[in-house]
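Data from query_21.tsv: TSV, C-alpha atoms
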```
chain	number	residue	atom	x	y	z
A	659	MET	CA	-40.57	19.96	121.42
A	660	ALA	CA	-40.42	20.75	125.06
A	661	GLY	CA	-38.87	23.47	127.12
A	662	GLU	CA	-38.54	26.90	125.53
A	663	ARG	CA	-40.21	25.83	122.29
A	664	HIS	CA	-43.34	24.76	124.17
A	665	ARG	CA	-45.84	27.64	124.07
A	666	ILE	CA	-49.34	27.97	125.46
A	667	ILE	CA	-51.36	30.70	123.73
A	668	THR	CA	-54.79	31.83	124.90
A	669	ILE	CA	-57.04	33.08	122.10
A	670	ALA	CA	-59.43	35.43	123.82
A	671	ASN	CA	-61.85	38.28	123.35
A	672	GLN	CA	-64.83	38.83	125.62
A	673	LYS	CA	-66.81	39.95	122.58
A	674	GLY	CA	-68.45	37.25	120.46
A	675	GLY	CA	-68.39	37.04	116.69
A	676	VAL	CA	-64.85	38.34	116.20
A	677	GLY	CA	-63.42	35.23	114.54
A	678	LYS	CA	-61.86	33.78	117.69
A	679	THR	CA	-62.60	30.11	117.03
A	680	THR	CA	-61.95	30.48	113.30
A	681	THR	CA	-58.54	31.91	114.18
A	682	ALA	CA	-57.83	29.09	116.64
A	683	ILE	CA	-58.70	26.39	114.10
A	684	ASN	CA	-56.89	27.86	111.11
A	685	LEU	CA	-53.81	29.08	112.96
A	686	ALA	CA	-53.47	25.62	114.54
A	687	THR	CA	-53.88	23.95	111.14
A	688	ALA	CA	-51.27	26.21	109.55
A	689	LEU	CA	-48.79	25.51	112.37
A	690	ALA	CA	-49.45	21.76	112.09
A	691	ALA	CA	-48.96	21.91	108.32
A	692	ILE	CA	-45.36	23.05	108.77
A	693	GLY	CA	-44.61	20.20	111.15
A	694	GLU	CA	-45.37	21.68	114.57
A	695	ARG	CA	-47.22	19.40	117.01
A	696	VAL	CA	-50.29	21.39	118.00
A	697	LEU	CA	-53.10	20.94	120.53
A	698	ILE	CA	-56.30	22.96	120.73
A	699	VAL	CA	-58.10	22.93	124.08
A	700	ASP	CA	-61.73	23.86	123.45
A	701	LEU	CA	-62.92	25.77	126.52
A	702	ASP	CA	-66.17	27.11	125.04
A	703	PRO	CA	-69.27	25.12	126.12
A	704	GLN	CA	-70.67	25.65	122.60
A	705	GLY	CA	-67.84	23.49	121.28
A	706	ASN	CA	-67.44	25.31	117.97
A	707	ALA	CA	-63.73	24.51	117.67
A	708	SER	CA	-64.52	20.82	118.13
A	709	THR	CA	-67.33	20.92	115.55
A	710	GLY	CA	-65.20	22.96	113.14
A	711	LEU	CA	-62.55	20.24	113.22
A	712	GLY	CA	-65.10	17.52	112.49
A	713	ILE	CA	-65.33	16.00	115.99
A	714	ASP	CA	-68.80	14.45	116.28
A	715	ARG	CA	-70.57	15.14	119.58
A	716	ARG	CA	-71.03	11.39	120.06
A	717	ASP	CA	-67.24	10.97	120.06
A	718	ARG	CA	-66.73	13.47	122.89
A	719	LYS	CA	-66.85	10.86	125.65
A	720	LEU	CA	-64.27	12.87	127.59
A	721	SER	CA	-63.70	16.60	127.27
A	722	SER	CA	-62.04	19.72	128.64
A	723	TYR	CA	-64.55	19.45	131.50
A	724	ASP	CA	-62.88	16.22	132.69
A	725	LEU	CA	-59.51	17.93	132.40
A	726	MET	CA	-60.65	20.93	134.44
A	727	VAL	CA	-62.19	18.96	137.30
A	728	GLY	CA	-59.02	16.87	137.50
A	729	ASP	CA	-60.60	13.51	136.74
A	730	ARG	CA	-58.52	12.84	133.61
A	731	GLY	CA	-55.14	13.73	132.18
A	732	ILE	CA	-54.25	15.22	128.79
A	733	ALA	CA	-53.51	11.84	127.19
A	734	GLU	CA	-56.98	10.54	128.08
A	735	VAL	CA	-59.01	13.51	126.82
A	736	THR	CA	-57.09	14.31	123.61
A	737	LEU	CA	-58.46	13.26	120.22
A	738	GLU	CA	-56.75	13.16	116.83
A	739	THR	CA	-58.19	15.36	114.09
A	740	ALA	CA	-58.16	14.85	110.32
A	741	VAL	CA	-55.18	17.24	110.19
A	742	PRO	CA	-51.82	15.51	110.72
A	743	ASN	CA	-50.01	16.86	113.83
A	744	LEU	CA	-53.19	18.59	115.09
A	745	PHE	CA	-55.00	17.30	118.18
A	746	ILE	CA	-57.92	18.60	120.21
A	747	VAL	CA	-59.35	18.36	123.70
A	748	PRO	CA	-63.04	18.72	122.75
A	749	SER	CA	-65.71	20.63	124.61
A	750	THR	CA	-69.14	19.58	125.85
A	751	MET	CA	-72.02	21.42	127.50
A	752	ASP	CA	-70.78	20.03	130.84
A	753	LEU	CA	-68.49	23.08	130.93
A	754	LEU	CA	-71.53	25.25	131.69
A	755	GLY	CA	-71.50	23.87	135.22
A	756	ILE	CA	-67.76	24.10	135.87
A	757	GLU	CA	-67.93	27.46	137.61
A	758	MET	CA	-70.28	26.19	140.30
A	759	GLU	CA	-68.27	23.00	140.76
A	760	ILE	CA	-64.86	24.55	141.35
A	761	SER	CA	-65.64	28.10	142.51
A	762	GLN	CA	-65.15	27.25	146.18
A	763	GLN	CA	-61.81	25.50	145.66
A	764	SER	CA	-58.65	27.41	146.57
A	765	ASP	CA	-56.88	26.42	143.33
A	766	ARG	CA	-59.89	27.19	141.09
A	767	VAL	CA	-57.88	29.57	138.87
A	768	PHE	CA	-55.02	27.10	138.37
A	769	LYS	CA	-56.92	23.95	137.33
A	770	LEU	CA	-55.88	24.23	133.70
A	771	ARG	CA	-52.29	25.23	134.48
A	772	LYS	CA	-51.91	22.08	136.55
A	773	ALA	CA	-53.43	19.91	133.80
A	774	LEU	CA	-51.09	21.41	131.18
A	775	SER	CA	-47.93	20.93	133.23
A	776	SER	CA	-47.81	17.18	132.50
A	777	PRO	CA	-45.11	15.61	130.27
A	778	GLU	CA	-47.84	14.70	127.75
A	779	ALA	CA	-48.82	18.36	127.43
A	780	MET	CA	-45.18	19.48	127.22
A	781	ALA	CA	-44.76	17.29	124.13
A	782	PHE	CA	-46.77	19.79	122.05
A	783	SER	CA	-44.96	22.71	120.41
A	784	TYR	CA	-48.06	24.86	120.64
A	785	ILE	CA	-51.18	24.60	122.79
A	786	LEU	CA	-53.95	26.99	121.73
A	787	LEU	CA	-56.70	27.66	124.27
A	788	ASP	CA	-59.99	28.65	122.63
A	789	CYS	CA	-61.96	30.65	125.23
A	790	PRO	CA	-65.66	31.46	125.55
A	791	PRO	CA	-66.74	34.99	124.52
A	792	SER	CA	-66.87	36.28	128.09
A	793	PHE	CA	-64.51	36.80	130.98
A	794	ASN	CA	-65.36	33.99	133.39
A	795	LEU	CA	-63.53	31.32	135.35
A	796	LEU	CA	-62.74	29.36	132.17
A	797	THR	CA	-61.06	32.37	130.58
A	798	MET	CA	-59.28	33.13	133.84
A	799	ASN	CA	-57.93	29.56	133.92
A	800	ALA	CA	-56.74	29.93	130.33
A	801	MET	CA	-54.90	33.17	131.08
A	802	ALA	CA	-53.39	31.70	134.25
A	803	ALA	CA	-52.06	28.74	132.24
A	804	ALA	CA	-50.80	30.60	129.17
A	805	HIS	CA	-47.53	32.23	128.19
A	806	SER	CA	-49.34	34.77	126.03
A	807	VAL	CA	-52.69	36.02	124.73
A	808	LEU	CA	-53.58	36.36	121.06
A	809	VAL	CA	-56.52	38.72	120.52
A	810	PRO	CA	-58.68	38.51	117.39
A	811	LEU	CA	-60.21	41.95	116.80
A	812	GLN	CA	-63.00	42.63	114.35
A	813	CYS	CA	-62.55	45.69	112.15
A	814	GLU	CA	-65.59	47.58	113.42
A	815	PHE	CA	-66.47	50.80	115.26
A	816	PHE	CA	-66.46	49.52	118.86
A	817	ALA	CA	-63.31	47.41	118.47
A	818	LEU	CA	-60.94	49.68	120.39
A	819	GLU	CA	-63.36	50.09	123.29
A	820	GLY	CA	-63.57	46.33	123.85
A	821	LEU	CA	-59.84	45.94	123.32
A	822	SER	CA	-58.95	48.36	126.11
A	823	GLN	CA	-61.08	46.33	128.53
A	824	LEU	CA	-59.33	43.12	127.48
A	825	LEU	CA	-55.87	44.63	127.83
A	826	GLU	CA	-56.76	45.79	131.33
A	827	THR	CA	-57.89	42.24	132.14
A	828	VAL	CA	-54.55	40.87	130.92
A	829	SER	CA	-52.72	43.40	133.11
A	830	GLN	CA	-54.82	42.36	136.08
A	831	VAL	CA	-54.09	38.67	135.50
A	832	ARG	CA	-50.38	39.46	135.19
A	833	ARG	CA	-50.42	41.32	138.50
A	834	THR	CA	-52.38	38.69	140.41
A	835	VAL	CA	-51.92	35.14	139.09
A	836	ASN	CA	-49.56	34.93	136.09
A	837	PRO	CA	-46.57	37.34	135.91
A	838	ARG	CA	-45.27	35.72	132.70
A	839	LEU	CA	-48.42	36.51	130.66
A	840	ASP	CA	-47.91	38.87	127.74
A	841	ILE	CA	-49.69	39.91	124.57
A	842	GLN	CA	-48.70	37.59	121.73
A	843	GLY	CA	-50.37	39.95	119.29
A	844	ILE	CA	-53.58	41.53	118.01
A	845	VAL	CA	-54.93	40.00	114.79
A	846	LEU	CA	-57.40	42.11	112.83
A	847	THR	CA	-60.24	39.99	111.45
A	848	MET	CA	-63.21	40.37	109.07
A	849	PHE	CA	-61.44	43.12	107.18
A	850	ASP	CA	-63.33	44.52	104.20
A	851	ALA	CA	-61.09	46.69	102.01
A	852	ARG	CA	-64.17	48.37	100.44
A	853	ASN	CA	-65.23	49.71	103.84
A	854	ASN	CA	-63.63	53.02	104.82
A	855	LEU	CA	-64.49	52.46	108.49
A	856	ALA	CA	-62.60	49.14	108.51
A	857	GLN	CA	-59.47	50.86	107.24
A	858	GLN	CA	-59.90	53.57	109.88
A	859	VAL	CA	-60.09	50.90	112.62
A	860	VAL	CA	-56.89	49.30	111.29
A	861	ASN	CA	-55.12	52.66	111.36
A	862	ASP	CA	-56.38	53.46	114.89
A	863	VAL	CA	-55.35	50.08	116.32
A	864	ARG	CA	-51.91	50.27	114.72
A	865	THR	CA	-51.46	53.84	116.04
A	866	HIS	CA	-52.37	52.79	119.59
A	867	LEU	CA	-50.60	49.43	119.75
A	868	GLY	CA	-47.83	49.55	117.16
A	869	ASP	CA	-45.79	46.33	116.95
A	870	LYS	CA	-48.34	44.35	118.96
A	871	VAL	CA	-50.58	44.30	115.88
A	872	TYR	CA	-49.85	41.60	113.30
A	873	HIS	CA	-49.23	42.81	109.75
A	874	THR	CA	-51.61	40.15	108.41
A	875	LEU	CA	-55.23	41.23	107.93
A	876	ILE	CA	-57.81	38.43	107.92
A	877	PRO	CA	-60.40	39.35	105.27
A	878	ARG	CA	-64.12	38.71	105.30
A	879	ASN	CA	-64.34	35.53	103.25
A	880	VAL	CA	-67.28	33.31	102.32
A	881	ARG	CA	-65.13	30.18	102.05
A	882	VAL	CA	-63.80	30.66	105.59
A	883	SER	CA	-67.39	31.03	106.83
A	884	GLU	CA	-68.52	27.88	104.99
A	885	ALA	CA	-65.69	25.61	106.17
A	886	PRO	CA	-66.94	24.81	109.73
A	887	SER	CA	-70.22	23.40	108.39
A	888	TYR	CA	-68.10	20.78	106.60
A	889	GLY	CA	-66.09	20.06	109.76
A	890	LYS	CA	-62.91	21.34	108.15
A	891	PRO	CA	-60.49	24.21	108.69
A	892	ALA	CA	-60.66	26.72	105.83
A	893	ILE	CA	-57.09	25.78	104.95
A	894	LEU	CA	-58.26	22.24	104.12
A	895	TYR	CA	-61.62	23.30	102.67
A	896	ASP	CA	-60.15	25.81	100.20
A	897	LEU	CA	-56.41	26.42	100.49
A	898	LYS	CA	-56.33	29.04	97.76
A	899	CYS	CA	-59.04	31.35	99.10
A	900	ALA	CA	-57.98	34.72	100.50
A	901	GLY	CA	-58.89	33.75	104.08
A	902	SER	CA	-56.78	30.59	104.06
A	903	GLN	CA	-53.81	32.42	102.60
A	904	ALA	CA	-54.14	35.07	105.30
A	905	TYR	CA	-54.08	32.46	108.09
A	906	LEU	CA	-50.95	30.90	106.57
A	907	GLN	CA	-49.32	34.35	106.68
A	908	LEU	CA	-50.47	34.78	110.28
A	909	ALA	CA	-48.86	31.46	111.26
A	910	SER	CA	-45.64	32.64	109.64
A	911	GLU	CA	-45.78	35.84	111.74
A	912	VAL	CA	-46.46	33.92	114.95
A	913	ILE	CA	-43.43	31.70	114.33
A	914	GLN	CA	-41.28	34.71	113.46
A	915	ARG	CA	-42.21	36.35	116.77
A	916	GLU	CA	-41.37	33.16	118.61
A	917	ARG	CA	-37.94	33.08	116.94
A	918	GLN	CA	-37.33	36.68	117.97
A	919	ARG	CA	-38.35	35.86	121.53
A	920	LEU	CA	-35.95	32.93	121.69
A	921	ALA	CA	-33.13	35.01	120.21
A	922	ALA	CA	-33.65	37.89	122.65
```
Turn the structure described in the file into structure tokens.
Amino acid sequence: MAGERHRIITIANQKGGVGKTTTAINLATALAAIGERVLIVDLDPQGNASTGLGIDRRDRKLSSYDLMVGDRGIAEVTLETAVPNLFIVPSTMDLLGIEMEISQQSDRVFKLRKALSSPEAMAFSYILLDCPPSFNLLTMNAMAAAHSVLVPLQCEFFALEGLSQLLETVSQVRRTVNPRLDIQGIVLTMFDARNNLAQQVVNDVRTHLGDKVYHTLIPRNVRVSEAPSYGKPAILYDLKCAGSQAYLQLASEVIQRERQRLAA
């Protein structure tokens, strides 16, 4: 699916431990399960998205590093996963040095945009960019390449403070390098219904951001936490657990928003 149906979504939050990679893996799996052709580009040097989809480090001969420095194209660096319709550009520790390598180049912010403008990349319905938990040149490249940003937000006390910083970053990117960038949505993660503070955070975020916040709440869930150690998305590891069901609902919301966008 090319053209208007082709969407690049950056999954970003400069705070670690908010469920960013878990969201990338399980949202991608849910989209692939309903027949969409999906690519994850792992931009985190830790490579958790790659590991969580069962890609052995020995099989990562080429990676997002090779894509970013311009040595290889999408077709060469993409690997199949165990999930039908889901592919990944894996990450390696080489990415740690990318900033020094390209920082002096005039197109340093647009490396990923250029790599994702190929016909091979356009063949994917959705490309999800899993960013490192910091705002650096990798995240900047992801935002410059994307149509929208999806923000996983943990239901905890400092959530809104970090979110305001991220939204300001998105505004800055829109003003300077990518006018088309918008907020795909805020997804609230690690929700514990027994915790009064978590419910207060949900209420506060919804009050401040209204329709930008997805209805789906991703609960704290042991099965979702266990799944990466088996190299599987939670949706494959335990489809019936509350976390997997929540990510299926989230995928449904994402698609619904895309339909509304196309109809507008």
Open item on the list: My list of candidates is A:Asn879, A:Gln918, A:Gln858, A:Thr687. Which is closest to Ala817 (chain A) when distances are computed with all atoms listed in the file?
Closed with: A:Gln858
- [ ] Record the distance separating CA of Phe768 (chain A) and CA of Ala803 (chain A), expressed in Å with one decimal.
- [x]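 So the answer is 7.0 Å.
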- [ ] Would you mind listing what lies within 10 Å of Leu821 (chain A) as a PyMOL selection string, with all atoms listed in the file counted and same-chain residues fewer than 4 positions away left out?
- [x] chain A and resi 671-673+809-811+816-817+825-827+844+863
Take the residues from that selection and put them in a file with C-alpha atoms, as a PDB file, in the frame of the given file.
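Writing done, so here's out-v6.pdb:
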```pdb
ATOM      1  CA  ASN A 671     -61.850  38.280 123.350  1.00  0.00           C
ATOM      2  CA  GLN A 672     -64.830  38.830 125.620  1.00  0.00           C
ATOM      3  CA  LYS A 673     -66.810  39.950 122.580  1.00  0.00           C
ATOM      4  CA  VAL A 809     -56.520  38.720 120.520  1.00  0.00           C
ATOM      5  CA  PRO A 810     -58.680  38.510 117.390  1.00  0.00           C
ATOM      6  CA  LEU A 811     -60.210  41.950 116.800  1.00  0.00           C
ATOM      7  CA  PHE A 816     -66.460  49.520 118.860  1.00  0.00           C
ATOM      8  CA  ALA A 817     -63.310  47.410 118.470  1.00  0.00           C
ATOM      9  CA  LEU A 825     -55.870  44.630 127.830  1.00  0.00           C
ATOM     10  CA  GLU A 826     -56.760  45.790 131.330  1.00  0.00           C
ATOM     11  CA  THR A 827     -57.890  42.240 132.140  1.00  0.00           C
ATOM     12  CA  ILE A 844     -53.580  41.530 118.010  1.00  0.00           C
ATOM     13  CA  VAL A 863     -55.350  50.080 116.320  1.00  0.00           C
TER      14      VAL A 863
END
```
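The nearest approach to Thr834 (chain A) among the residues A:Met801, A:Leu697, A:Ala892, A:Val860, with all atoms listed in the file taken into account, belongs to A:Met801.
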- [ ] Go through A:Leu818, A:Ile669, A:Val912, A:Ala733 one by one, measure the shortest atom-to-atom distance of each to Met780 (chain A) using all atoms listed in the file, and give the residue with the smallest value.
- [x]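 Going through A:Leu818, A:Ile669, A:Val912, A:Ala733 one by one, the smallest distance to Met780 (chain A) is for A:Ala733.
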- [ ] Skip Leu725 (chain A) itself and residues of its chain fewer than 6 positions away, then list as a list in words all residues within 7 Å of it, counting all atoms listed in the file.
- [x]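 What passes the distance filter is Gly731, Ile732 and Ala773 of chain A.
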Task: Residues within 10 Å of Tyr872 (chain A), all atoms listed in the file, excluding chain neighbours under 3 positions, as an MDAnalysis selection string - done: chainID A and resid 842:846 864 868:869 875 907:908 911:912 915
Open item on the list: So the first atom is CA of Thr736 (chain A) and the second is CA of Arg718 (chain A); what is the distance between them in Å, to one decimal place?
Closed with: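 Separating CA of Thr736 (chain A) from CA of Arg718 (chain A) is a distance of 9.7 Å.
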Open item on the list: From the options A:Ser783, A:Asn861, A:Ser749, A:Gln704, which residue's atoms come nearest to Leu689 (chain A), counting only C-alpha atoms?
Closed with: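 Going through A:Ser783, A:Asn861, A:Ser749, A:Gln704 one by one, the smallest distance to Leu689 (chain A) is for A:Ser783.
With only C-alpha atoms as the atoms that count, the minimum distance from Thr679 (chain A) to the choices A:Asn794, A:Ser775, A:Ser883, A:Asn743 is reached by A:Ser883.
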Open item on the list: I'd like to know which of A:His664, A:Val676, A:His805, A:Ala707 is closest to Ala885 (chain A), using only C-alpha atoms.
Closed with: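 Of A:His664, A:Val676, A:His805, A:Ala707, the one nearest Ala885 (chain A) is A:Ala707, counting only C-alpha atoms.
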In the coordinates of the file, take the point (-64.4, 28.8, 141.0) and a cut-off of 12 Å; then, counting all atoms listed in the file, name each qualifying protein, DNA or RNA residue as a short mmCIF file (atom, residue, chain, number, x, y, z; two decimals) with C-alpha atoms, in the coordinates of the input.
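The resulting file, result-v8.cif, is shown below:
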```
data_model
loop_
_atom_site.label_atom_id
_atom_site.label_comp_id
_atom_site.auth_asym_id
_atom_site.auth_seq_id
_atom_site.Cartn_x
_atom_site.Cartn_y
_atom_site.Cartn_z
CA MET A 726 -60.65 20.93 134.44
CA VAL A 727 -62.19 18.96 137.30
CA GLY A 755 -71.50 23.87 135.22
CA ILE A 756 -67.76 24.10 135.87
CA GLU A 757 -67.93 27.46 137.61
CA MET A 758 -70.28 26.19 140.30
CA GLU A 759 -68.27 23.00 140.76
CA ILE A 760 -64.86 24.55 141.35
CA SER A 761 -65.64 28.10 142.51
CA GLN A 762 -65.15 27.25 146.18
CA GLN A 763 -61.81 25.50 145.66
CA SER A 764 -58.65 27.41 146.57
CA ASP A 765 -56.88 26.42 143.33
CA ARG A 766 -59.89 27.19 141.09
CA VAL A 767 -57.88 29.57 138.87
CA PHE A 768 -55.02 27.10 138.37
CA LYS A 769 -56.92 23.95 137.33
CA ASN A 794 -65.36 33.99 133.39
CA LEU A 795 -63.53 31.32 135.35
CA LEU A 796 -62.74 29.36 132.17
CA THR A 797 -61.06 32.37 130.58
CA MET A 798 -59.28 33.13 133.84
CA ASN A 799 -57.93 29.56 133.92
#
```
TODO: Just give me the gap between CA of Thr668 (chain A) and CA of Ala802 (chain A) in Å, one decimal is fine.
DONE: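 These two atoms are separated by 9.5 Å.
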TODO: For region 900-906 of chain A, work out the shell of residues within 8 Å, counting only C-alpha atoms and skipping chain neighbours fewer than 3 positions away, then give it as a ChimeraX atom specification.
DONE: /A:681,684-685,688,874-879,881-882,892-893,896-897,909-910
With C-alpha atoms kept, could you save the residues just selected as a PDB file, in the frame of the given file?
```pdb
ATOM      1  CA  THR A 681     -58.540  31.910 114.180  1.00  0.00           C
ATOM      2  CA  ASN A 684     -56.890  27.860 111.110  1.00  0.00           C
ATOM      3  CA  LEU A 685     -53.810  29.080 112.960  1.00  0.00           C
ATOM      4  CA  ALA A 688     -51.270  26.210 109.550  1.00  0.00           C
ATOM      5  CA  THR A 874     -51.610  40.150 108.410  1.00  0.00           C
ATOM      6  CA  LEU A 875     -55.230  41.230 107.930  1.00  0.00           C
ATOM      7  CA  ILE A 876     -57.810  38.430 107.920  1.00  0.00           C
ATOM      8  CA  PRO A 877     -60.400  39.350 105.270  1.00  0.00           C
ATOM      9  CA  ARG A 878     -64.120  38.710 105.300  1.00  0.00           C
ATOM     10  CA  ASN A 879     -64.340  35.530 103.250  1.00  0.00           C
ATOM     11  CA  ARG A 881     -65.130  30.180 102.050  1.00  0.00           C
ATOM     12  CA  VAL A 882     -63.800  30.660 105.590  1.00  0.00           C
ATOM     13  CA  ALA A 892     -60.660  26.720 105.830  1.00  0.00           C
ATOM     14  CA  ILE A 893     -57.090  25.780 104.950  1.00  0.00           C
ATOM     15  CA  ASP A 896     -60.150  25.810 100.200  1.00  0.00           C
ATOM     16  CA  LEU A 897     -56.410  26.420 100.490  1.00  0.00           C
ATOM     17  CA  ALA A 909     -48.860  31.460 111.260  1.00  0.00           C
ATOM     18  CA  SER A 910     -45.640  32.640 109.640  1.00  0.00           C
TER      19      SER A 910
END
```
- [ ] Write out as a PyMOL selection string the residues lying within 7 Å of Leu839 (chain A), counting all atoms listed in the file and excluding same-chain residues fewer than 6 positions away.
- [x] chain A and resi 804-806+832
Preceding selection exported with C-alpha atoms as an mmCIF file, in the coordinates of the input:
```
data_model
loop_
_atom_site.group_PDB
_atom_site.id
_atom_site.type_symbol
_atom_site.label_atom_id
_atom_site.label_comp_id
_atom_site.auth_asym_id
_atom_site.auth_seq_id
_atom_site.Cartn_x
_atom_site.Cartn_y
_atom_site.Cartn_z
ATOM 1 C CA ALA A 804 -50.800 30.600 129.170
ATOM 2 C CA HIS A 805 -47.530 32.230 128.190
ATOM 3 C CA SER A 806 -49.340 34.770 126.030
ATOM 4 C CA ARG A 832 -50.380 39.460 135.190
#
```
